[in-house]
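A.B. asks: Can you keep this structure in mind? I'll have questions shortly.
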Amino acid sequence: MKIHCFNKKFFHSSSPLVPVQLPSREETHIWYILPNEVKETSLLNQYLELLSPREKENVFYMHGEDLKKRSLLARALVRTTIARYQINCQVDARSLKFRKNIHGKPEVEWQRSDDWHPPPLHFNLSHTSSLIACGVTMNSPIGIDVEEKQRTIKNNILSFARRYFTHHEVEFLSAISDPEVQRQEFIKLWTLKEAYVKALGRGFSGAPFKTFTIRDKSAAKGSFHLSGNINSEESEIIVDSLDNSNFTNNWQFALFELAGSHYASICRGIPAEGEGSIPMKLRVWKTIPGVEDEYVSGTDAVVRIRGLFSQR
């Protein structure tokens with residue numbers, strides 16, 4: 001698949017992107033794209049036109065056409081997702097600018113003016129070779145991670161877990177006798193831990209996996225489980241810090257199957273005026289930006305596993 005730049009005008013004020021209201025305080029929005037469903041070179045070229053010169057350089061720097069394509073789609077998904085919210089009449093997918101915090105987490109660099117103050121919008125991106133997802137919240141930092149359900153673990157799972165996970169998490173995995181179940185539980189736990197680190201925005205060096213334990217709120221402190229009755233409403237996921245940090249306060253988690261092929265985890269901050277016991281409202285769209293959108297919350301494309309959240 002060859003990507004070439006062309007001059008067709010795309011995604012301006014007459015954008016085919018369907019406008020969406022900004023998330024409410026309790027809502028988390030997820031937009032995802034399946035790269036294998038984007039086949040037209042002309043559409044990929046239009047996405048390329050949305051990118052900044054630096055982003056285009058990064059795309060073409062990738063080795064292999066599949067990596068170029070996924071890099072392009074990831075950047076186009078972020079730009080088109082944020083542009084949907086019609087934040088300001090001057091904001092379109094092409095005009096958006098980004099910066100990174102001191103730990104490397106991307107943020108929107110809004111063009112401020114005396115008569116306009118940008119909204120407290122947060123986003124985060126995750127992707128595999130077969131799915132790219134972008135999460136959006138208001139007033140709350142967000143981290144998202146997606147992993148293929150069939151992901152293979154090259155190393156011995158328990159050896160790998162001992163290197164990165166806490167003692168309680170390793171004990172949990174060690175107690176699982178079925179190798180396939182153990183592999184799946186490892187992947188679920190990995191997505192939760194990565195989503196938390198990404199929400200913190202500090203990178204792995206700022207919040208190493210071994211410094212915190214993910215567990216059900218109903219489990220006793222110092223013990224661990226994430227399995228059990230997935231239909232139970234008492235499945236809130238929390239974090240225990242092992243280094244007495246304050247990183248673990250006021251976070252909500254959602255763990256679910258996405259598109260039938262992936263495990264997905266979301267970690268989001270609870271606004272200061274919020275309560276952790278209020279379920280997160282999860283809204284999910286499958287998209288090919290500028291071509292079609294499908295609202296999939298409440299369908300087989302989004303299957304709840306753990307966490308205190310609802311769909312509508």
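Just so we're on the same page: first chain in the structure tokens is A, next is B, and so on; residues restart at 1 for each chain, and ligands are numbered from 1 in the order they show up.
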Write out as a ChimeraX atom specification each polymer residue whose atoms come within 10 Å of stretch 280-285 of chain A, counting only C-alpha atoms; drop sequence neighbours fewer than 2 positions from it.

C.D. replies: /A:23-33,133-136,252-254,258,266,268,270,276-278,287-288,293-299,301-302,307-312

A.B. asks: Using DSSP assignments from the backbone, pull out every residue in stretch 34-278 of chain A that falls under strand (DSSP E or B) and give it to me as JSON, numbers by chain.

C.D. replies: {"A": [98, 99, 100, 106, 107, 108, 113, 116, 121, 122, 123, 124, 125, 126, 127, 132, 133, 134, 135, 136, 137, 138, 142, 143, 144, 145, 146, 147, 148, 212, 213, 214, 215, 216, 221, 223, 237, 238, 239, 240, 241, 251, 252, 253, 254, 255, 256, 257, 258, 262, 263, 264, 265, 266, 267, 268, 269]}

A.B. asks: Can you pull out every residue within 7 Å of stretch 76-82 of chain A, counting only C-alpha atoms, but drop anything in the same chain fewer than 5 positions away, and send it as a list of chain:residue names?

C.D. replies: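 Surrounding residues, per the criterion: A:Tyr47, A:Leu50, A:Ala93, A:Leu96, A:Cys134, A:Pro289.
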
A.B. asks: As a ChimeraX atom specification, please: the residues near A:Val108 (cut-off 7 Å, only C-alpha atoms, same-chain neighbours under 5 positions excluded).

C.D. replies: /A:97-99

A.B. asks: Produce a file of the selected residues containing N, CA and C atoms, as a PDB file, in the first residue's frame.

C.D. replies:
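The file below, result-v6.pdb, is the result:
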```
ATOM      1  N   LYS A  97      -2.893  21.312  16.990  1.00  0.00           N
ATOM      2  CA  LYS A  97      -1.467  21.211  17.320  1.00  0.00           C
ATOM      3  C   LYS A  97      -1.324  20.427  18.628  1.00  0.00           C
ATOM      4  N   PHE A  98      -0.204  19.721  18.744  1.00  0.00           N
ATOM      5  CA  PHE A  98       0.010  18.868  19.905  1.00  0.00           C
ATOM      6  C   PHE A  98       1.363  19.161  20.540  1.00  0.00           C
ATOM      7  N   ARG A  99       1.459  18.828  21.815  1.00  0.00           N
ATOM      8  CA  ARG A  99       2.705  18.913  22.540  1.00  0.00           C
ATOM      9  C   ARG A  99       2.789  17.696  23.462  1.00  0.00           C
TER      10      ARG A  99
END
```

A.B. asks: At a cut-off of 6 Å, using only C-alpha atoms, what residues contact A:Pro141? Leave out same-chain residues fewer than 2 positions from it and give the result as a list in words.

C.D. replies: His122, Ala199, Arg268 and Gly269 of chain A

A.B. asks: Restricting the calculation to only C-alpha atoms, which member of A:Asp92, A:Glu194, A:Glu65, A:Glu49 is positioned closest to A:Leu17?

C.D. replies: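 Once distances to A:Leu17 are computed over only C-alpha atoms, the minimum belongs to A:Asp92.
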
A.B. asks: Could you work out how far atom CA of A:Thr191 lies from atom CA of A:Thr128, giving the answer in Å with one decimal?

C.D. replies: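 One can read the atom CA of A:Thr128 to atom CA of A:Thr191 distance as 12.1 Å.
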
A.B. asks: Write out as number ranges by chain all residues of stretch 28-183 of chain A that DSSP puts in helix (DSSP H, G or I) for this structure's backbone.

C.D. replies: A: 35-37, 41-50, 53-61, 65-83, 157-164, 167-174, 179-183

A.B. asks: Between atom CA of A:Tyr196 and atom CA of A:Lys100, what is the distance, to one decimal in Å?

C.D. replies: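 For atom CA of A:Tyr196 relative to atom CA of A:Lys100, the distance reads 17.9 Å.
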
A.B. asks: How many Å separate atom CA of A:Val181 from atom CA of A:Val197?

C.D. replies: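 Atom CA of A:Val197 lies at a distance of 24.6 Å from atom CA of A:Val181.
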
A.B. asks: Neighbouring residues of stretch 104-106 of chain A were defined as those with any atom within 9 Å, considering only C-alpha atoms; residues of the same chain fewer than 3 positions away were excluded. Please report them as a PyMOL selection string.

C.D. replies: chain A and resi 98-101+123-124+198+201-203

A.B. asks: Near A:Tyr263, within 9 Å and counting only C-alpha atoms, which residues show up once chain neighbours fewer than 4 positions away are dropped, as a list in words?

C.D. replies: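 So the residues in contact are Asp145, Val146, Glu147, Glu148, Lys149, Ile187, Lys188, Thr191, Leu255, Phe256, Glu257, Leu258 and Ala259 of chain A.
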